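*Asks:* So here's target_8.pdb (PDB, C-alpha atoms, pLDDT in the B column).
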```
ATOM      1  CA  MET A   1      49.031  14.950  -1.354  1.00 44.00           C
ATOM      2  CA  THR A   2      52.819  15.021  -1.548  1.00 60.00           C
ATOM      3  CA  ASP A   3      52.964  14.840  -5.361  1.00 73.00           C
ATOM      4  CA  PRO A   4      50.050  16.543  -7.168  1.00 77.00           C
ATOM      5  CA  TRP A   5      50.653  14.452 -10.290  1.00 75.00           C
ATOM      6  CA  VAL A   6      50.125  11.151  -8.442  1.00 77.00           C
ATOM      7  CA  ALA A   7      46.494  10.128  -8.024  1.00 79.00           C
ATOM      8  CA  LEU A   8      46.601   8.053  -4.832  1.00 76.00           C
ATOM      9  CA  GLU A   9      48.995   8.252  -1.931  1.00 75.00           C
ATOM     10  CA  PRO A  10      50.455   4.955  -0.666  1.00 71.00           C
ATOM     11  CA  GLY A  11      48.225   3.551   2.046  1.00 73.00           C
ATOM     12  CA  ALA A  12      45.099   5.397   0.909  1.00 80.00           C
ATOM     13  CA  ASP A  13      41.857   3.431   0.589  1.00 85.00           C
ATOM     14  CA  PRO A  14      41.009   3.234  -3.143  1.00 85.00           C
ATOM     15  CA  ALA A  15      37.329   2.472  -2.510  1.00 89.00           C
ATOM     16  CA  GLU A  16      36.876   5.481  -0.245  1.00 91.00           C
ATOM     17  CA  ARG A  17      38.737   7.690  -2.700  1.00 91.00           C
ATOM     18  CA  VAL A  18      36.430   6.512  -5.493  1.00 93.00           C
ATOM     19  CA  ARG A  19      33.358   7.444  -3.433  1.00 94.00           C
ATOM     20  CA  VAL A  20      34.735  10.908  -2.716  1.00 94.00           C
ATOM     21  CA  LEU A  21      35.652  11.489  -6.355  1.00 95.00           C
ATOM     22  CA  ARG A  22      32.250  10.361  -7.630  1.00 96.00           C
ATOM     23  CA  ARG A  23      30.534  12.872  -5.350  1.00 96.00           C
ATOM     24  CA  ALA A  24      32.940  15.593  -6.492  1.00 97.00           C
ATOM     25  CA  HIS A  25      32.383  14.709 -10.145  1.00 97.00           C
ATOM     26  CA  GLU A  26      28.614  14.887  -9.660  1.00 96.00           C
ATOM     27  CA  THR A  27      28.978  18.276  -7.969  1.00 96.00           C
ATOM     28  CA  PHE A  28      31.047  19.602 -10.835  1.00 97.00           C
ATOM     29  CA  THR A  29      28.806  18.292 -13.609  1.00 95.00           C
ATOM     30  CA  THR A  30      25.670  19.673 -11.924  1.00 94.00           C
ATOM     31  CA  ALA A  31      26.883  22.851 -10.227  1.00 93.00           C
ATOM     32  CA  GLY A  32      30.165  23.671 -11.957  1.00 93.00           C
ATOM     33  CA  THR A  33      32.189  23.808  -8.745  1.00 94.00           C
ATOM     34  CA  VAL A  34      35.084  21.533  -7.805  1.00 93.00           C
ATOM     35  CA  PRO A  35      35.096  20.502  -4.140  1.00 88.00           C
ATOM     36  CA  ARG A  36      38.079  19.261  -2.221  1.00 83.00           C
ATOM     37  CA  PRO A  37      40.011  16.964  -2.301  1.00 87.00           C
ATOM     38  CA  VAL A  38      40.081  16.920  -6.128  1.00 94.00           C
ATOM     39  CA  ARG A  39      43.658  17.521  -7.272  1.00 94.00           C
ATOM     40  CA  SER A  40      44.346  20.833  -8.989  1.00 94.00           C
ATOM     41  CA  VAL A  41      45.553  19.132 -12.184  1.00 95.00           C
ATOM     42  CA  VAL A  42      42.234  17.265 -12.361  1.00 97.00           C
ATOM     43  CA  ALA A  43      40.115  20.302 -11.474  1.00 97.00           C
ATOM     44  CA  GLU A  44      41.785  22.346 -14.205  1.00 97.00           C
ATOM     45  CA  SER A  45      41.304  19.504 -16.681  1.00 98.00           C
ATOM     46  CA  TRP A  46      37.616  19.180 -15.773  1.00 98.00           C
ATOM     47  CA  ARG A  47      37.182  22.895 -16.448  1.00 97.00           C
ATOM     48  CA  ARG A  48      38.953  22.633 -19.818  1.00 97.00           C
ATOM     49  CA  SER A  49      36.781  19.621 -20.667  1.00 97.00           C
ATOM     50  CA  ALA A  50      33.592  21.506 -19.850  1.00 97.00           C
ATOM     51  CA  ARG A  51      34.704  24.567 -21.837  1.00 97.00           C
ATOM     52  CA  ALA A  52      35.355  22.267 -24.813  1.00 97.00           C
ATOM     53  CA  GLY A  53      31.749  21.071 -24.622  1.00 97.00           C
ATOM     54  CA  VAL A  54      32.526  17.524 -23.496  1.00 97.00           C
ATOM     55  CA  GLY A  55      29.589  15.860 -21.751  1.00 96.00           C
ATOM     56  CA  PRO A  56      30.053  13.335 -18.936  1.00 97.00           C
ATOM     57  CA  ASP A  57      28.058  10.732 -20.883  1.00 96.00           C
ATOM     58  CA  GLY A  58      29.988  11.157 -24.116  1.00 95.00           C
ATOM     59  CA  ALA A  59      32.186   8.665 -25.937  1.00 95.00           C
ATOM     60  CA  ALA A  60      35.370   8.620 -27.971  1.00 97.00           C
ATOM     61  CA  ARG A  61      35.045   8.716 -31.741  1.00 97.00           C
ATOM     62  CA  VAL A  62      37.148   6.580 -34.076  1.00 97.00           C
ATOM     63  CA  GLU A  63      38.708   8.827 -36.707  1.00 96.00           C
ATOM     64  CA  LEU A  64      41.156   6.533 -38.489  1.00 95.00           C
ATOM     65  CA  THR A  65      40.539   2.942 -39.561  1.00 93.00           C
ATOM     66  CA  ASP A  66      42.172   0.232 -41.635  1.00 89.00           C
ATOM     67  CA  GLY A  67      44.439   1.546 -44.375  1.00 92.00           C
ATOM     68  CA  ASP A  68      44.297   5.173 -43.259  1.00 96.00           C
ATOM     69  CA  LEU A  69      45.357   4.188 -39.762  1.00 97.00           C
ATOM     70  CA  GLY A  70      48.134   1.950 -41.017  1.00 96.00           C
ATOM     71  CA  ALA A  71      49.552   4.609 -43.319  1.00 97.00           C
ATOM     72  CA  TYR A  72      49.416   7.276 -40.622  1.00 97.00           C
ATOM     73  CA  ARG A  73      51.125   5.051 -38.046  1.00 97.00           C
ATOM     74  CA  ALA A  74      53.850   4.016 -40.463  1.00 96.00           C
ATOM     75  CA  GLU A  75      54.816   7.645 -41.049  1.00 97.00           C
ATOM     76  CA  HIS A  76      54.557   8.774 -37.427  1.00 98.00           C
ATOM     77  CA  PRO A  77      57.869   9.400 -35.591  1.00 97.00           C
ATOM     78  CA  LEU A  78      56.785   7.240 -32.642  1.00 98.00           C
ATOM     79  CA  ALA A  79      56.641   4.180 -34.916  1.00 98.00           C
ATOM     80  CA  ARG A  80      60.425   4.127 -34.654  1.00 97.00           C
ATOM     81  CA  VAL A  81      60.297   3.543 -30.892  1.00 98.00           C
ATOM     82  CA  MET A  82      57.379   1.100 -30.744  1.00 98.00           C
ATOM     83  CA  PRO A  83      59.823  -1.841 -30.437  1.00 98.00           C
ATOM     84  CA  LEU A  84      61.287  -0.087 -27.387  1.00 98.00           C
ATOM     85  CA  PHE A  85      57.843   0.516 -25.876  1.00 98.00           C
ATOM     86  CA  ARG A  86      56.982  -3.157 -26.362  1.00 97.00           C
ATOM     87  CA  GLU A  87      60.279  -4.294 -24.872  1.00 97.00           C
ATOM     88  CA  LEU A  88      59.961  -2.121 -21.776  1.00 96.00           C
ATOM     89  CA  MET A  89      56.207  -2.307 -21.201  1.00 96.00           C
ATOM     90  CA  GLY A  90      54.783  -5.279 -23.086  1.00 93.00           C
ATOM     91  CA  THR A  91      55.359  -7.947 -20.434  1.00 92.00           C
ATOM     92  CA  PHE A  92      54.282  -5.608 -17.647  1.00 91.00           C
ATOM     93  CA  ALA A  93      51.036  -4.859 -19.477  1.00 92.00           C
ATOM     94  CA  ALA A  94      50.268  -8.468 -20.352  1.00 89.00           C
ATOM     95  CA  ASP A  95      51.121  -9.930 -16.946  1.00 89.00           C
ATOM     96  CA  GLY A  96      49.334  -7.186 -15.018  1.00 91.00           C
ATOM     97  CA  GLU A  97      46.201  -7.264 -17.204  1.00 93.00           C
ATOM     98  CA  HIS A  98      47.001  -3.721 -18.353  1.00 95.00           C
ATOM     99  CA  LEU A  99      47.238  -2.010 -21.728  1.00 97.00           C
ATOM    100  CA  LEU A 100      50.111  -0.216 -23.397  1.00 97.00           C
ATOM    101  CA  ALA A 101      48.805   2.693 -25.466  1.00 98.00           C
ATOM    102  CA  VAL A 102      50.527   5.328 -27.574  1.00 98.00           C
ATOM    103  CA  CYS A 103      48.856   8.475 -28.875  1.00 98.00           C
ATOM    104  CA  ASP A 104      49.899  11.315 -31.150  1.00 98.00           C
ATOM    105  CA  ALA A 105      50.117  14.982 -30.174  1.00 98.00           C
ATOM    106  CA  ASP A 106      46.397  15.410 -30.868  1.00 97.00           C
ATOM    107  CA  GLY A 107      45.454  12.609 -28.472  1.00 98.00           C
ATOM    108  CA  ARG A 108      44.642  10.162 -31.271  1.00 98.00           C
ATOM    109  CA  LEU A 109      45.455   6.584 -30.229  1.00 98.00           C
ATOM    110  CA  LEU A 110      47.934   4.919 -32.580  1.00 98.00           C
ATOM    111  CA  TRP A 111      48.600   1.629 -30.786  1.00 98.00           C
ATOM    112  CA  VAL A 112      46.723  -0.176 -28.010  1.00 97.00           C
ATOM    113  CA  GLU A 113      48.242  -3.494 -26.955  1.00 97.00           C
ATOM    114  CA  GLY A 114      48.271  -5.780 -23.936  1.00 95.00           C
ATOM    115  CA  HIS A 115      46.131  -8.261 -22.070  1.00 93.00           C
ATOM    116  CA  PRO A 116      43.413  -9.695 -24.397  1.00 94.00           C
ATOM    117  CA  ALA A 117      40.533  -9.538 -21.886  1.00 95.00           C
ATOM    118  CA  THR A 118      41.464  -5.988 -20.926  1.00 95.00           C
ATOM    119  CA  ARG A 119      41.556  -5.025 -24.583  1.00 96.00           C
ATOM    120  CA  ARG A 120      38.066  -6.392 -25.088  1.00 96.00           C
ATOM    121  CA  ARG A 121      36.812  -4.272 -22.176  1.00 96.00           C
ATOM    122  CA  ALA A 122      38.592  -1.233 -23.559  1.00 97.00           C
ATOM    123  CA  ASP A 123      37.071  -1.821 -26.997  1.00 97.00           C
ATOM    124  CA  ARG A 124      33.634  -1.191 -25.498  1.00 96.00           C
ATOM    125  CA  MET A 125      34.560   2.417 -24.699  1.00 96.00           C
ATOM    126  CA  ASN A 126      36.434   2.925 -28.007  1.00 97.00           C
ATOM    127  CA  PHE A 127      39.856   2.897 -26.374  1.00 98.00           C
ATOM    128  CA  VAL A 128      41.150   1.566 -29.670  1.00 98.00           C
ATOM    129  CA  PRO A 129      43.684   2.579 -32.329  1.00 98.00           C
ATOM    130  CA  GLY A 130      42.371   5.426 -34.436  1.00 98.00           C
ATOM    131  CA  ALA A 131      40.116   6.898 -31.729  1.00 98.00           C
ATOM    132  CA  ARG A 132      40.656  10.445 -30.487  1.00 98.00           C
ATOM    133  CA  TRP A 133      41.265  10.655 -26.739  1.00 98.00           C
ATOM    134  CA  SER A 134      42.220  14.309 -26.476  1.00 98.00           C
ATOM    135  CA  GLU A 135      40.770  16.349 -23.615  1.00 97.00           C
ATOM    136  CA  THR A 136      38.680  18.316 -26.102  1.00 97.00           C
ATOM    137  CA  ALA A 137      37.122  15.062 -27.341  1.00 97.00           C
ATOM    138  CA  VAL A 138      36.596  12.959 -24.207  1.00 98.00           C
ATOM    139  CA  GLY A 139      37.686  15.124 -21.297  1.00 98.00           C
ATOM    140  CA  THR A 140      40.158  14.222 -18.570  1.00 98.00           C
ATOM    141  CA  ASN A 141      42.207  11.070 -19.258  1.00 98.00           C
ATOM    142  CA  ALA A 142      45.908  10.311 -18.898  1.00 97.00           C
ATOM    143  CA  PRO A 143      47.092  10.308 -22.540  1.00 98.00           C
ATOM    144  CA  GLY A 144      44.906  13.259 -23.526  1.00 98.00           C
ATOM    145  CA  THR A 145      45.765  15.288 -20.444  1.00 98.00           C
ATOM    146  CA  ALA A 146      49.483  14.452 -20.673  1.00 98.00           C
ATOM    147  CA  VAL A 147      49.710  15.999 -24.148  1.00 98.00           C
ATOM    148  CA  ALA A 148      47.472  18.909 -23.097  1.00 97.00           C
ATOM    149  CA  VAL A 149      49.659  19.959 -20.159  1.00 97.00           C
ATOM    150  CA  ASP A 150      52.955  18.484 -21.438  1.00 98.00           C
ATOM    151  CA  ARG A 151      53.542  16.639 -18.162  1.00 96.00           C
ATOM    152  CA  PRO A 152      53.417  13.053 -16.945  1.00 96.00           C
ATOM    153  CA  VAL A 153      50.061  12.555 -15.239  1.00 96.00           C
ATOM    154  CA  GLN A 154      48.085   9.831 -13.525  1.00 95.00           C
ATOM    155  CA  VAL A 155      44.269   9.724 -13.659  1.00 96.00           C
ATOM    156  CA  PHE A 156      42.357   7.532 -11.225  1.00 95.00           C
ATOM    157  CA  ALA A 157      38.767   6.282 -11.423  1.00 95.00           C
ATOM    158  CA  ALA A 158      36.219   9.121 -11.211  1.00 96.00           C
ATOM    159  CA  GLU A 159      38.895  11.693 -11.979  1.00 97.00           C
ATOM    160  CA  HIS A 160      38.076  10.762 -15.581  1.00 98.00           C
ATOM    161  CA  PHE A 161      35.555  13.209 -17.000  1.00 98.00           C
ATOM    162  CA  ILE A 162      33.558  10.669 -19.000  1.00 97.00           C
ATOM    163  CA  ARG A 163      31.579   8.337 -16.724  1.00 97.00           C
ATOM    164  CA  ARG A 164      32.110   5.213 -18.812  1.00 96.00           C
ATOM    165  CA  VAL A 165      35.883   5.616 -18.331  1.00 97.00           C
ATOM    166  CA  GLN A 166      35.694   5.927 -14.544  1.00 97.00           C
ATOM    167  CA  PRO A 167      36.296   2.211 -13.791  1.00 95.00           C
ATOM    168  CA  TRP A 168      39.807   2.672 -15.219  1.00 96.00           C
ATOM    169  CA  THR A 169      43.119   4.068 -13.982  1.00 95.00           C
ATOM    170  CA  CYS A 170      45.868   5.251 -16.308  1.00 95.00           C
ATOM    171  CA  ALA A 171      49.244   6.972 -16.282  1.00 96.00           C
ATOM    172  CA  ALA A 172      50.852   8.667 -19.271  1.00 97.00           C
ATOM    173  CA  ALA A 173      53.896  10.751 -20.133  1.00 98.00           C
ATOM    174  CA  PRO A 174      54.542  12.939 -23.175  1.00 98.00           C
ATOM    175  CA  VAL A 175      57.295  12.040 -25.618  1.00 98.00           C
ATOM    176  CA  HIS A 176      59.192  14.889 -27.262  1.00 98.00           C
ATOM    177  CA  ASP A 177      61.192  15.302 -30.427  1.00 97.00           C
ATOM    178  CA  PRO A 178      64.738  15.429 -29.003  1.00 96.00           C
ATOM    179  CA  ARG A 179      65.847  17.973 -31.600  1.00 94.00           C
ATOM    180  CA  THR A 180      62.968  20.452 -31.472  1.00 95.00           C
ATOM    181  CA  GLY A 181      61.360  19.728 -28.112  1.00 96.00           C
ATOM    182  CA  ARG A 182      57.890  19.516 -29.620  1.00 97.00           C
ATOM    183  CA  VAL A 183      55.445  16.971 -28.255  1.00 98.00           C
ATOM    184  CA  LEU A 184      55.148  13.947 -30.553  1.00 98.00           C
ATOM    185  CA  GLY A 185      52.528  12.182 -28.445  1.00 98.00           C
ATOM    186  CA  ALA A 186      52.366  10.207 -25.220  1.00 98.00           C
ATOM    187  CA  VAL A 187      52.945   6.699 -23.902  1.00 98.00           C
ATOM    188  CA  ASP A 188      50.309   5.345 -21.529  1.00 98.00           C
ATOM    189  CA  ILE A 189      49.619   2.411 -19.247  1.00 97.00           C
ATOM    190  CA  THR A 190      45.919   1.738 -18.621  1.00 96.00           C
ATOM    191  CA  GLY A 191      44.215  -0.773 -16.343  1.00 94.00           C
ATOM    192  CA  GLY A 192      42.533  -1.079 -12.961  1.00 88.00           C
ATOM    193  CA  ASP A 193      43.047   0.273  -9.459  1.00 81.00           C
ATOM    194  CA  ARG A 194      46.397  -1.489  -9.104  1.00 81.00           C
ATOM    195  CA  LEU A 195      47.897   1.217 -11.321  1.00 86.00           C
ATOM    196  CA  ALA A 196      46.940   3.890  -8.769  1.00 82.00           C
ATOM    197  CA  HIS A 197      50.458   3.894  -7.373  1.00 79.00           C
ATOM    198  CA  PRO A 198      53.355   6.355  -7.748  1.00 82.00           C
ATOM    199  CA  HIS A 199      55.432   3.630  -9.404  1.00 87.00           C
ATOM    200  CA  SER A 200      53.195   3.509 -12.493  1.00 91.00           C
ATOM    201  CA  LEU A 201      53.684   7.221 -13.107  1.00 92.00           C
ATOM    202  CA  GLY A 202      57.433   6.965 -12.624  1.00 93.00           C
ATOM    203  CA  PHE A 203      57.480   3.953 -14.914  1.00 95.00           C
ATOM    204  CA  VAL A 204      55.833   5.647 -17.901  1.00 97.00           C
ATOM    205  CA  GLN A 205      57.963   8.738 -17.359  1.00 97.00           C
ATOM    206  CA  ALA A 206      61.128   6.624 -17.520  1.00 97.00           C
ATOM    207  CA  VAL A 207      59.850   4.862 -20.656  1.00 98.00           C
ATOM    208  CA  ALA A 208      59.135   8.216 -22.314  1.00 98.00           C
ATOM    209  CA  ARG A 209      62.662   9.449 -21.533  1.00 98.00           C
ATOM    210  CA  ALA A 210      64.118   6.211 -22.917  1.00 98.00           C
ATOM    211  CA  ALA A 211      62.128   6.738 -26.120  1.00 98.00           C
ATOM    212  CA  GLU A 212      63.460  10.274 -26.471  1.00 98.00           C
ATOM    213  CA  SER A 213      67.008   8.986 -26.025  1.00 97.00           C
ATOM    214  CA  GLN A 214      66.381   6.328 -28.669  1.00 97.00           C
ATOM    215  CA  LEU A 215      65.009   8.914 -31.091  1.00 97.00           C
ATOM    216  CA  ALA A 216      68.091  11.069 -30.527  1.00 96.00           C
ATOM    217  CA  LEU A 217      70.325   8.116 -31.415  1.00 95.00           C
ATOM    218  CA  LEU A 218      68.261   7.301 -34.511  1.00 91.00           C
ATOM    219  CA  ASP A 219      68.254  10.888 -35.751  1.00 80.00           C
ATOM    220  CA  PRO A 220      71.292  12.699 -34.347  1.00 69.00           C
ATOM    221  CA  PRO A 221      71.605  16.455 -34.859  1.00 62.00           C
ATOM    222  CA  VAL A 222      73.421  17.598 -37.986  1.00 59.00           C
ATOM    223  CA  PRO A 223      76.671  19.379 -37.019  1.00 59.00           C
ATOM    224  CA  ALA A 224      76.943  23.003 -38.020  1.00 54.00           C
ATOM    225  CA  ASP A 225      79.170  23.849 -40.970  1.00 55.00           C
ATOM    226  CA  GLU A 226      82.617  24.847 -39.898  1.00 43.00           C
TER
END
```
Starting from the file, lay out its structure as structure tokens.

*Replies:*
Amino acid sequence: MTDPWVALEPGADPAERVRVLRRAHETFTTAGTVPRPVRSVVAESWRRSARAGVGPDGAARVELTDGDLGAYRAEHPLARVMPLFRELMGTFAADGEHLLAVCDADGRLLWVEGHPATRRRADRMNFVPGARWSETAVGTNAPGTAVAVDRPVQVFAAEHFIRRVQPWTCAAAPVHDPRTGRVLGAVDITGGDRLAHPHSLGFVQAVARAAESQLALLDPPVPADE
């Protein structure tokens, strides 16, 4: 693998990779060992997931609903760049039958938008606004792992720790406060096997950097007193 953060090399057979990953996931969940060729970023995430007590048959839990969710989103710093996320990713998500998702620094989903049929499928696994998708809650997944390791990351198929999430592929990148450098959350693109391509990871990384630049323009640093 030339780039350890990319899930599938160009030209690789997705179906064969899925079979290999399912066997590896079964080995890990039964014996606690991670066989090759599981990527190191995924192996380390699986171990963190297991230490957190996440089970492979678990599910995400919705923590914020209705008014509480609306109030929290309105006050969150990433609300200021949601128009930018929609501009850069909305058409791509809708046309490609993908989802645009944004989470906070704790892996809690704030916005999930995109293709209606894909949203309905995602609803069935609680990939919805207000649900917690941190590694400690649902194990390895792109938005949760991106904020955990503070790196852009792609997660393909059975690399997901929770079995019900394994039909999906996602790529996410953390977004930082441009003044302090702290992680504000992550921007994510979620869909099917077609996202298992280096371009999807580069895409969300570029969107995250654009959001940081926008935040810097909206809230420039205060000059020091002379």

*Asks:* Translate the PyMOL selection byres ((chain A and resi 153) around 12) into a concrete residue list for this structure, as a VMD selection string.

*Replies:* chain A and resid 3 to 8 39 to 42 45 140 to 152 154 to 156 159 169 to 174 186 to 189 196 to 205

*Asks:* Using only C-alpha atoms, can you tell me which of A:Gly67, A:Gly107, A:Gly139, A:Pro116 comes closest to Val165 (chain A)?

*Replies:*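 Checking each candidate against Val165 (chain A), we get A:Gly139 as the closest.
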
*Asks:* For Ala137 (chain A), list every protein, DNA or RNA residue within 10 Å, evaluated using all atoms listed in the file, and leave out those in the same chain fewer than 5 positions away; present the list as a list in words.

*Replies:* Ser49, Ala52, Gly53, Val54, Gly55, Gly58, Ala59, Ala60, Arg61, Asp106, Gly107, Arg108, Ala131, Arg132 and Gly144 of chain A

*Asks:* Just to be explicit: take each residue in the selection above, keep C-alpha atoms, and write the result as an mmCIF file, in the coordinates of the input.

*Replies:*
```
data_model
loop_
_atom_site.group_PDB
_atom_site.id
_atom_site.type_symbol
_atom_site.label_atom_id
_atom_site.label_comp_id
_atom_site.auth_asym_id
_atom_site.auth_seq_id
_atom_site.Cartn_x
_atom_site.Cartn_y
_atom_site.Cartn_z
ATOM 1 C CA SER A 49 36.781 19.621 -20.667
ATOM 2 C CA ALA A 52 35.355 22.267 -24.813
ATOM 3 C CA GLY A 53 31.749 21.071 -24.622
ATOM 4 C CA VAL A 54 32.526 17.524 -23.496
ATOM 5 C CA GLY A 55 29.589 15.860 -21.751
ATOM 6 C CA GLY A 58 29.988 11.157 -24.116
ATOM 7 C CA ALA A 59 32.186 8.665 -25.937
ATOM 8 C CA ALA A 60 35.370 8.620 -27.971
ATOM 9 C CA ARG A 61 35.045 8.716 -31.741
ATOM 10 C CA ASP A 106 46.397 15.410 -30.868
ATOM 11 C CA GLY A 107 45.454 12.609 -28.472
ATOM 12 C CA ARG A 108 44.642 10.162 -31.271
ATOM 13 C CA ALA A 131 40.116 6.898 -31.729
ATOM 14 C CA ARG A 132 40.656 10.445 -30.487
ATOM 15 C CA GLY A 144 44.906 13.259 -23.526
#
```

*Asks:* Which distance in Å separates CA of Val175 (chain A) and CA of Asp104 (chain A), to one decimal?

*Replies:*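 Straight-line distance from CA of Val175 (chain A) to CA of Asp104 (chain A) works out to 9.3 Å.
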
*Asks:* Using the chain letters and residue numbers of this document, give as a PDB file with C-alpha atoms, in the frame of the given file the residues selected by the PyMOL selection byres ((chain A and resi 21) around 8).

*Replies:*
```pdb
ATOM      1  CA  ARG A  17      38.737   7.690  -2.700  1.00 91.00           C
ATOM      2  CA  VAL A  18      36.430   6.512  -5.493  1.00 93.00           C
ATOM      3  CA  ARG A  19      33.358   7.444  -3.433  1.00 94.00           C
ATOM      4  CA  VAL A  20      34.735  10.908  -2.716  1.00 94.00           C
ATOM      5  CA  ARG A  22      32.250  10.361  -7.630  1.00 96.00           C
ATOM      6  CA  ARG A  23      30.534  12.872  -5.350  1.00 96.00           C
ATOM      7  CA  ALA A  24      32.940  15.593  -6.492  1.00 97.00           C
ATOM      8  CA  HIS A  25      32.383  14.709 -10.145  1.00 97.00           C
ATOM      9  CA  VAL A  38      40.081  16.920  -6.128  1.00 94.00           C
ATOM     10  CA  ALA A 157      38.767   6.282 -11.423  1.00 95.00           C
ATOM     11  CA  ALA A 158      36.219   9.121 -11.211  1.00 96.00           C
ATOM     12  CA  GLU A 159      38.895  11.693 -11.979  1.00 97.00           C
TER      13      GLU A 159
END
```

*Asks:* Taking the file as shown, what set of residues would the PyMOL selection byres ((chain A and resi 97) around 10) give back, as a list in words?

*Replies:* Thr91, Phe92, Ala93, Ala94, Asp95, Gly96, His98, Leu99, Gly114, His115, Pro116, Ala117, Thr118, Arg119, Thr190, Gly191, Gly192 and Arg194 of chain A

*Asks:* Measure the distance from CA of Tyr72 (chain A) to CA of Gly130 (chain A) in Å and round it to one decimal.

*Replies:* 9.6 Å

*Asks:* Using all atoms listed in the file, pick whichever of A:Val112, A:Ala210, A:Val138, A:Ala122 has the shortest atom-to-atom distance to Pro56 (chain A).

*Replies:*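 Of the candidates, the smallest distance to Pro56 (chain A) is held by A:Val138.
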